[in-house]
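Enquirer: What follows is a single structure, and I will ask about it in a moment.
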Amino acid sequence: MTQQAGRWSLIVPVKRVEIAKTRLALDVATRASLAVAMAVDTVSAALDSSSVAAVVVVTDDERARAALEGLDVTIVADVPDAGLNAALAHGSAVAPTSRVAALSSDLPSLKGDDLSLVLTEAGRHDQAVIADVAGTGTTLLCAGRSDLFVPRFGVASRAAHVAGGAVDLTTVAPESIRRDVDSVDDLRAAIALGVGQATRDALDVMSVVLDG
């Protein structure tokens with residue numbers, strides 16, 4: 001993809017699926033399938049955004065790589081044992097635009113138009129952050145220049161990003177950007193909001209769990 005003024009490179013980290021979503025009360029195989037499906041839907045929605053020039057996926061998981069390599073993305077290897085923030089910084093190094101944003105991979109309800117709306121607003125600031133539905137985590141971190149891209153993910157990451165200079169744009173963000181999935185209740189809420197095709201396909205084998 002060629003760089004275009006005002007557009008963004010999104011860095012999407014995807015951890016090894018066998019250790020993903022451990023808070024979901026599901027068996028390992030089901031959790032893995034769901035994690036991959038949500039990543040596919042998140043990336044697909046990002047690619048639908050008119051504000052996105054490129055998506056860089058950072059992962060060492062072969063199953064995630066196989067599912068995502070058919071999309072128009074760049075896939076780079078994770079930094080072994082270095083953590084999420086190092087992985088995001090590593091991915092940002094190959095971003096083709098000066099505007100860089102970190103996007104969570106577990107946003108199955110994400111819509112391209114919703115992302116465009118927020119990225120347009122984020123473009124008015126040097127740094128911006130969107131909190132998750134719980135209000136403490138971060139689902140989107142934006143930097144107007146790559147040298148301002150300093151991920152501070154971890155406990156209370158929204159507050160950490162704000163303390164680092166990011167403007168909190170949570171109040172203007174549609175729910176699809178904030179609705180990450182860590183629990184079965186989160187998953188039910190995402191389904192009510194509407195999820196992408198890959199997640200819908202994965203959910204076909206989870207009806208018993210969700211009926212509970």
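Ordering of the structure tokens sets the chain letters (A, B, ...); residue numbers start at 1 within each chain; ligands are numbered from 1 in the order shown.
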Residues at most 10 Å from Asp113 in chain A, counting only C-alpha atoms, excluding those fewer than 2 positions away in the same chain, as a list in words?
Expert: Ala45, Ala46, Asp48, Ser49, Ser50, Ser51, Leu110, Lys111, Leu115, Ser116, Leu117, Val118, Leu119 and Pro174 of chain A
Enquirer: Next, the residues of the selection above should be written as a compact mmCIF listing (two decimals), in the first residue's frame with C-alpha atoms.
Expert:
```
# COMPACT_ATOMS: atom_id res chain seq x y z
CA ALA A 45 -13.02 -4.23 9.75
CA ALA A 46 -9.83 -2.18 10.01
CA ASP A 48 -12.63 -1.53 5.54
CA SER A 49 -11.84 1.83 7.12
CA SER A 50 -11.13 4.64 4.66
CA SER A 51 -8.73 6.09 7.25
CA LEU A 110 -15.71 -3.46 15.03
CA LYS A 111 -17.05 -1.50 12.05
CA LEU A 115 -12.97 3.28 13.21
CA SER A 116 -12.76 6.00 10.55
CA LEU A 117 -14.77 8.34 12.75
CA VAL A 118 -12.41 7.90 15.68
CA LEU A 119 -9.22 8.04 13.61
CA PRO A 174 -18.76 4.03 19.16
```
Enquirer: Out of range 42-177 of chain A, which residues get strand (DSSP E) from DSSP, as a VMD selection string?
Expert: chain A and resid 52 to 59 74 to 76 100 to 103 127 to 131 138 to 143 167 to 168
Enquirer: Could those selected residues go to a file with C-alpha atoms, as a CSV table (one decimal), in the first residue's frame?
Expert:
```csv
chain,number,residue,atom,x,y,z
A,52,VAL,CA,-6.5,3.0,7.3
A,53,ALA,CA,-3.5,2.8,4.9
A,54,ALA,CA,-2.0,-0.4,6.2
A,55,VAL,CA,-2.4,-3.1,8.9
A,56,VAL,CA,0.6,-4.7,10.5
A,57,VAL,CA,-0.1,-7.9,12.5
A,58,VAL,CA,2.5,-8.9,15.1
A,59,THR,CA,2.3,-12.6,15.9
A,74,THR,CA,1.9,-7.2,6.7
A,75,ILE,CA,2.7,-9.9,9.2
A,76,VAL,CA,5.8,-9.7,11.4
A,100,VAL,CA,0.5,4.9,13.9
A,101,ALA,CA,-2.1,3.3,16.1
A,102,ALA,CA,-2.3,0.1,18.2
A,103,LEU,CA,-5.6,-1.8,17.9
A,127,GLN,CA,-1.7,11.2,20.9
A,128,ALA,CA,-5.1,9.8,21.6
A,129,VAL,CA,-6.5,6.8,23.5
A,130,ILE,CA,-9.8,4.9,23.5
A,131,ALA,CA,-10.7,3.0,26.6
A,138,THR,CA,-7.1,0.5,26.1
A,139,THR,CA,-8.5,-0.8,22.8
A,140,LEU,CA,-7.0,1.9,20.5
A,141,LEU,CA,-3.9,4.0,21.0
A,142,CYS,CA,-3.1,6.6,18.3
A,143,ALA,CA,0.0,8.7,17.7
A,167,VAL,CA,-6.1,12.7,24.9
A,168,ASP,CA,-8.9,10.5,26.0
```
Enquirer: Which one of A:Ala189, A:Ala64, A:Leu84, A:Val181 sits closest to Ser157 in chain A if you count only C-alpha atoms?
Expert: A:Leu84
Enquirer: Restricting the calculation to only C-alpha atoms: of A:Val205, A:Ala198, A:Ala134, A:Ile11, which residue gets closest to Ala93 in chain A?
Expert: A:Ile11
Enquirer: Just give me the gap between CA of Leu68 in chain A and CA of Leu169 in chain A in Å, one decimal is fine.
Expert: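 CA of Leu68 in chain A sits 28.9 Å away from CA of Leu169 in chain A.
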Enquirer: Using the chain letters and numbers from this document, which residues of range 6-61 of chain A does DSSP assign to alpha helix (DSSP H), as a PyMOL selection string?
Expert: chain A and resi 28-47
Enquirer: Quick one: everything within 9 Å of Val14 in chain A, counting only C-alpha atoms, minus sequence neighbours fewer than 3 positions away in the same chain. Send it as an NGL selection string.
Expert: :A and (17 or 20 or 35-36 or 39 or 57-61 or 64 or 78 or 104-106)
Enquirer: With N, CA and C atoms retained, could you export that selection as a tab-separated table (two decimals), in the first residue's frame?
Expert:
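Printed below is result_31.tsv as written:
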```
chain	number	residue	atom	x	y	z
A	17	VAL	N	-2.49	-18.39	20.27
A	17	VAL	CA	-3.90	-18.61	20.56
A	17	VAL	C	-4.15	-19.60	21.69
A	20	ALA	N	-4.43	-17.44	24.65
A	20	ALA	CA	-5.31	-16.29	24.52
A	20	ALA	C	-6.64	-16.53	25.23
A	35	ALA	N	-10.37	-16.89	19.35
A	35	ALA	CA	-9.36	-15.84	19.30
A	35	ALA	C	-8.94	-15.54	17.87
A	36	VAL	N	-8.74	-16.59	17.08
A	36	VAL	CA	-8.37	-16.40	15.67
A	36	VAL	C	-9.51	-15.72	14.91
A	39	ALA	N	-9.74	-12.06	15.71
A	39	ALA	CA	-8.65	-11.32	15.07
A	39	ALA	C	-8.93	-11.09	13.59
A	57	VAL	N	0.24	-6.90	11.43
A	57	VAL	CA	-0.08	-7.88	12.46
A	57	VAL	C	1.22	-8.40	13.04
A	58	VAL	N	1.30	-8.39	14.38
A	58	VAL	CA	2.48	-8.91	15.06
A	58	VAL	C	2.08	-10.21	15.75
A	59	THR	N	2.64	-11.32	15.30
A	59	THR	CA	2.26	-12.61	15.88
A	59	THR	C	3.33	-13.66	15.63
A	60	ASP	N	3.40	-14.62	16.54
A	60	ASP	CA	4.22	-15.81	16.36
A	60	ASP	C	3.35	-17.05	16.24
A	61	ASP	N	2.04	-16.85	16.19
A	61	ASP	CA	1.12	-17.98	16.15
A	61	ASP	C	0.87	-18.41	14.71
A	64	ALA	N	-2.92	-18.24	13.61
A	64	ALA	CA	-3.34	-16.87	13.33
A	64	ALA	C	-2.74	-16.38	12.03
A	78	ASP	N	6.67	-11.79	16.34
A	78	ASP	CA	6.68	-11.16	17.66
A	78	ASP	C	8.11	-11.11	18.19
A	104	SER	N	-6.50	-3.37	19.50
A	104	SER	CA	-6.71	-4.69	20.08
A	104	SER	C	-7.23	-5.65	19.02
A	105	SER	N	-6.90	-6.93	19.17
A	105	SER	CA	-7.30	-7.93	18.18
A	105	SER	C	-8.60	-8.62	18.53
A	106	ASP	N	-9.22	-8.23	19.65
A	106	ASP	CA	-10.43	-8.93	20.10
A	106	ASP	C	-11.65	-8.02	20.07
```
Enquirer: Which residue, A:Asp126, A:Asp182, A:Gly91, A:Asp41, has the smallest gap to Gly194 in chain A when you use only C-alpha atoms?
Expert: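 For Gly194 in chain A, the nearest of the candidates is A:Asp41.
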Enquirer: When you count only C-alpha atoms, which of these residues is closest to Ser92 in chain A: A:Gly137, A:Leu10, A:Arg124, A:Glu62?
Expert: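 Smallest distance to Ser92 in chain A is found for A:Leu10.
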Enquirer: Would you pick out the contacts of Asp114 in chain A at 8 Å or less, using only C-alpha atoms, so that residues sharing its chain but fewer than 5 positions from it are not included, and give the list as a list in words?
Expert: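 In the requested form, the answer reads Ala173, Pro174, Ser176 and Ile177 of chain A.
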Enquirer: Keeping all heavy atoms for every residue in the selection just given, could you write it to a file as a PDB file, in the first residue's frame?
Expert:
```
ATOM      1  N   ALA A 173     -16.208   7.650  20.990  1.00  0.00           N
ATOM      2  CA  ALA A 173     -15.980   6.367  20.333  1.00  0.00           C
ATOM      3  C   ALA A 173     -17.233   5.500  20.341  1.00  0.00           C
ATOM      4  O   ALA A 173     -17.829   5.267  21.399  1.00  0.00           O
ATOM      5  CB  ALA A 173     -14.847   5.620  21.032  1.00  0.00           C
ATOM      6  N   PRO A 174     -17.654   4.977  19.196  1.00  0.00           N
ATOM      7  CA  PRO A 174     -18.765   4.032  19.161  1.00  0.00           C
ATOM      8  C   PRO A 174     -18.406   2.763  19.946  1.00  0.00           C
ATOM      9  O   PRO A 174     -17.229   2.417  20.108  1.00  0.00           O
ATOM     10  CB  PRO A 174     -18.923   3.718  17.669  1.00  0.00           C
ATOM     11  CG  PRO A 174     -18.314   4.886  16.969  1.00  0.00           C
ATOM     12  CD  PRO A 174     -17.175   5.321  17.843  1.00  0.00           C
ATOM     13  N   SER A 176     -18.521  -0.270  19.218  1.00  0.00           N
ATOM     14  CA  SER A 176     -17.833  -1.348  18.492  1.00  0.00           C
ATOM     15  C   SER A 176     -16.322  -1.293  18.672  1.00  0.00           C
ATOM     16  O   SER A 176     -15.644  -2.329  18.583  1.00  0.00           O
ATOM     17  CB  SER A 176     -18.184  -1.294  16.994  1.00  0.00           C
ATOM     18  OG  SER A 176     -17.417  -0.330  16.300  1.00  0.00           O
ATOM     19  N   ILE A 177     -15.778  -0.103  18.957  1.00  0.00           N
ATOM     20  CA  ILE A 177     -14.333   0.040  19.158  1.00  0.00           C
ATOM     21  C   ILE A 177     -13.943  -0.269  20.598  1.00  0.00           C
ATOM     22  O   ILE A 177     -12.789  -0.596  20.882  1.00  0.00           O
ATOM     23  CB  ILE A 177     -13.884   1.470  18.784  1.00  0.00           C
ATOM     24  CG1 ILE A 177     -14.210   1.742  17.319  1.00  0.00           C
ATOM     25  CG2 ILE A 177     -12.402   1.675  19.034  1.00  0.00           C
ATOM     26  CD1 ILE A 177     -13.865   3.140  16.869  1.00  0.00           C
TER      27      ILE A 177
END
```
Enquirer: Restricting the calculation to only C-alpha atoms, which member of A:Ala67, A:Val133, A:Arg152, A:Leu187 is positioned closest to Glu175 in chain A?
Expert: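 Counting only C-alpha atoms, the residue closest to Glu175 in chain A is A:Val133.
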Enquirer: Quick one: residues within 9 Å of Asn85 in chain A, only C-alpha atoms counted, chain neighbours fewer than 3 positions away excluded, as a VMD selection string?
Expert: chain A and resid 82 88 to 90 150 to 154
